[in-house]
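Read through the structure below, which is laid out as structure tokens, and then see the notes.
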Amino acid sequence: MSKIRVVHYINQFFAGIGGEEKADIPPEVRDGVVGPGMALNKAFKDEAEIVATVICGDSYFNENLEKAKDEVLKMIKEHNPDLFIAGPAFNAGRYGTACGTVAKLVKDELNIPVLAAMYPENPGVDMYKKDLYIVETGNSAAAMRKAVPAMAKLALKLAKGEEIGSPAEEGYIARGVRVNLFLDKRGSERAVDMMVKKLKGEDFTTEYPMPDFDNVPPNPAVKDMSKAKVALVTSGGIVPKGNPDHIESSSASKYGKYDIDGVMDLTAETYETAHGGYDPVYANENADRVLPVDVMRDLEKEGVIGELHRYFYTTTGNGTSVANAKKFAAEFAQELVADGVDAVILTST
Amino acid sequence: MRLELGKINITDVQFGDLTKVENGTLYVNKQELIDLILEDDHIKSVEIELARPGEEVRITPVKDVIEPRVKVEGPGGIFPGVMNKVTTVGSGRTHVLKGAAVVTCGRIVGFQEGIIDMTGPGAEYTPFSKLNNVCIVIEPVEGLKQHEYEAAARMAGLKAANFIGQAGKDVQPDEVETYETKPLLEQVAEYPELPKVGYVYMLQTQGLLHDTYVYGVDAKRIVPTILYPTEVMDGAILSGNCVSACDKNTTYHHLNNPIIEDLYKRHGKDINFVGVIITNENVYLADKERSSNWTAKLTKYLGLDGAIISQEGFGNPDTDLIMNCKKIETEGIKTVIVTDEYAGRDGASQSLADADPKADAVVTGGNANEVIVLPPMKKVIGTLDYVDKIAGGFDGSLRPDGSIEAEIQVITGATNELGFNKMSATTF
């Protein structure tokens with residue numbers, strides 16, 4: 001088997017070019033290893049080889065972000081890597097964010113496994129731990145010797161598509177990804193154990209630490225509804241009869257956009273719900289109950305609203321992940337804005 | 001209230017001329033069972049099939065799983081208010097056909113029915129793969145609305161379990177276990193030095209096919225109230241719901257509520273288990289406020305030091321769970337909550353729809369969105385027609401070779417929120 005081809009990204013300091021005074025150097029690429037790549041190469045044994053090293057000044061990268069991203073990506077792509085490694089950045093903030101940004105870019109654009117390494121308090125960690133495997137390191141280059149074997153080990157596993165164990169086993173910073181596992185005791189027994197410990201004031205470990213929730217501040221009120229273009233958006237699963245886009249009954253992976261130009265009323269013959277979280281009888285009888293097109297047409301006629309937007313957007317909220325919901329809305333909100341929609345009525349179930 | 005539970009171990013199920021238990025084998029008279037179920041005019045036809053552990057059998061769409069039980073001493077009968085008079089149950093003696101179950105399946109009611117594989121990777125996720133199952137495959141009459149079909153299917157299952165349970169009436173149990181909870185003041189006085197712990201038992205009542213029944217009452221229409229734990233073992237609480245298969249509490253789960261069982265195990269040793277508060281998960285905000293206010297009030301009224309709170313379903317009921325937890329903690333009572341997660345197929349999203357820092361002790365049944373591939377089975381009881389449509393399935397879930405790629409959400413009982421299973425989730 002041929003060796004796994006690795007491209008490595010480092011900053012001007014680890015390339016031996018210079019410190020802060022050289023942080024503005026533009027990206028360059030050199031064949032083979034530079035700086036810490038040497039130790040990595042050694043740790044790969046004969047399984048992988050760093051074929052090129054991309055070097056960029058930290059200030060240059062962060063101050064010319066879009067340009068730098070393009071340049072760096074092009075250099076990496078040219079070397080046709082199987083695997084990409086950035087850092088270790090230890091506690092260097094701008095270097096950490098650059099490592100994270102490039103690694104994410106390579107992952108998204110070249111679709112190959114990527115790895116970074118940082119100190120947990122490096123700002124790059126918070127920005128990218130969800131997207132990347134970031135090996136945990138000490139806070140300065142003195143921790144290089146410890147960081148390299150962990151990086152090499154995890155990098156090889158990623159490149160070979162092997163199963164990645166827990167953060168504790170593999171040495172990466174927890175990504176916030178929930179993974180199922182089977183324990184020795186059933187859940188009820190674990191709950192009673194936890195209760196006894198909590199009552200005694202002993203230490204216990206929750207199985208799900210509470211997340212931080214996003215809060216969305218409401219927009220200011222629409223000043224004149226009689227001139228407003230209003231759109232309907234629902235997580236109640238209303239779709240044209242037959243569910244043409246096969247939106248899932250739960251855990252939706254997509255949303256639908258449907259034309260209601262000239263539609264005055266949703267009838268049992270024309271619309272239904274795809275949502276699996278409630279008895280569909282009443283929604284199927286009259287889908288206006290979930291997506292009130294009939295009432296909106298009345299309001300349109302009465303001049304209470306300017307007009308009803310010609311498309312509605314729909315998905316099933318049932319069990320749909322926050323990530324998917326965000327992604328859907330980020331896409332169609334752009335379209336709504338582009339179509340000159342002033343207000344949206346969101347209906348659930 | 002003191003209940004003896006006589007467990008008759010069932011290791012096989014067969015059809016026979018007489019419905020009876022002999023040397024650990026349950027024999028079922030097929031025709032008798034069919035006749036009983038066809039008494040209901042809503043049901044056009046019914047088939048009875050058997051599924052045993054390890055067989056290459058897939059059962060779907062599964063509606064409910066019910067353990068056959070029979071009352072042999074003491075007041076009332078199993079499933080009070082539905083199958084028997086509405087007598088208060090939970091005392092005397094009850095016989096259980098341990099290792100057997102009635103599974104209702106057949107054409108879909110809603111979207112939220114499940115899959116039970118008797119072998120293979122899917123079998124690891126459901127407790128029902130370890131049971132000798134009498135499957136009732138129901139075909140409703142034409143034109144029946146979903147909720148009418150659900151009611152008919154629910155009654156068919158209960159009737160079958162009630163009927164089969166009677167086979168255990170005169171059988172000597174292999175094991176007898178005794179559970180006792182005394183009236184509150186006596187119970188408190190029995191172990192004055194131990195912390196008093198209660199169980200807040202949230203029942204699925206989102207309505208529109210998401211219902212639970214207590215002594216025959218739709219639990220949407222109750223205010224939180226107190227039960228002796230043993231009442232649950234006699235079928236005081238029944239499932240009438242079609243929430244996602246993985247975290248619906250089937251009637252089997254209610255009868256065998258593991259939190260009640262495990263609280264009893266520590267009762268008199270580390271804790272004083274004083275009782276169960278049942279509450280609901282209605283969709284209206286006023287109902288949520290009222291019910292969570294009342295559970296908090298009752299935990300205080302009972303003088304509890306701690307309460308375990310279990311959930312059923314996900315999404316909307318996450319708010320009830322967190323409201324209960326927050327308000328009970330505010331009363332100075334320590335809580336542990338039992339839930340499951342919808343963190344997305346990649347596990348990267350927030351797992352619950354609501355959260356609060358007071359919920360610092362959580363037990364999880366796992367991420368229901370995790371994707372699994374279930375290999376084809378030799379035999380299907382029910383139909384594969386709905387695999388793409390049930391909650392957790394997607395377009396193309398059912399592959400041409402009969403294998404299924406879907407979220408574990410489709411597997412009946414996979415992420416149970418009573419802590420019935422050993423599965424959990426951790427952060428990677």
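Naming scheme: A, B, ... for chains in displayed order of the structure tokens; residues 1 onward per chain; ligands 1 onward as shown.
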Taking the DSSP assignment computed from this structure's backbone, write out as number ranges by chain all residues of stretch 132-220 of chain A that belong to helix (DSSP H, G or I). A: 141-159, 167-170, 187-200
If you count only C-alpha atoms, which residues fall within 8 Å of stretch 108-118 of chain B, apart from same-chain ones fewer than 6 positions away, as an MDAnalysis selection string? (chainID A and resid 249 276:280) or (chainID B and resid 51:63 126 128:130 146:147 149:150 209 242:246 386 389:391 410:412)
Which residues are close to A:Ala98, i.e. within 8 Å by only C-alpha atoms, leaving aside same-chain residues fewer than 3 positions away? Reply as a PyMOL selection string. chain A and resi 58+61-62+94-95+101-102+124
Using only N, CA and C atoms, please write the residues we just selected to a file, as a tab-separated table (two decimals), in the first residue's frame.
chain	number	residue	atom	x	y	z
A	58	ASP	N	0.42	34.58	10.75
A	58	ASP	CA	-0.86	34.63	11.47
A	58	ASP	C	-1.62	35.92	11.19
A	61	PHE	N	-2.99	35.91	7.61
A	61	PHE	CA	-4.16	35.03	7.46
A	61	PHE	C	-5.43	35.69	8.00
A	62	ASN	N	-5.32	36.23	9.20
A	62	ASN	CA	-6.52	36.77	9.83
A	62	ASN	C	-6.95	38.11	9.25
A	94	ARG	N	-4.32	33.51	17.40
A	94	ARG	CA	-4.54	33.72	15.96
A	94	ARG	C	-4.11	32.50	15.16
A	95	TYR	N	-3.04	31.85	15.63
A	95	TYR	CA	-2.60	30.61	14.97
A	95	TYR	C	-3.68	29.54	15.10
A	101	THR	N	-9.74	27.33	10.94
A	101	THR	CA	-10.38	27.80	9.70
A	101	THR	C	-9.92	26.98	8.50
A	102	VAL	N	-8.61	26.78	8.40
A	102	VAL	CA	-8.08	26.04	7.25
A	102	VAL	C	-8.55	24.57	7.31
A	124	GLY	N	-9.60	29.17	19.09
A	124	GLY	CA	-9.90	28.29	17.95
A	124	GLY	C	-10.69	27.05	18.36
Can you list, as number ranges by chain, every residue of stretch 114-148 of chain A that DSSP puts in strand (DSSP E)? A: 114-118, 133-136
So which one's closest to chain B, A:Val222, A:Ile17, A:Leu183, A:Val230? Using only C-alpha atoms, please. A:Leu183
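With only C-alpha atoms as the basis for measurement, B:Ala353 is the residue among B:Val223, B:Leu18, B:Val214, B:Ala353 that approaches chain A most closely.
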Stretch 418-420 of chain B: which residues within 12 Å, counting only C-alpha atoms, same-chain residues fewer than 5 positions away excluded, as a VMD selection string? (chain A and resid 183 185 to 192) or (chain B and resid 125 to 128 199 to 203 246 to 250 252 to 262 308 to 313 336 to 340 362 to 366 412 to 413)
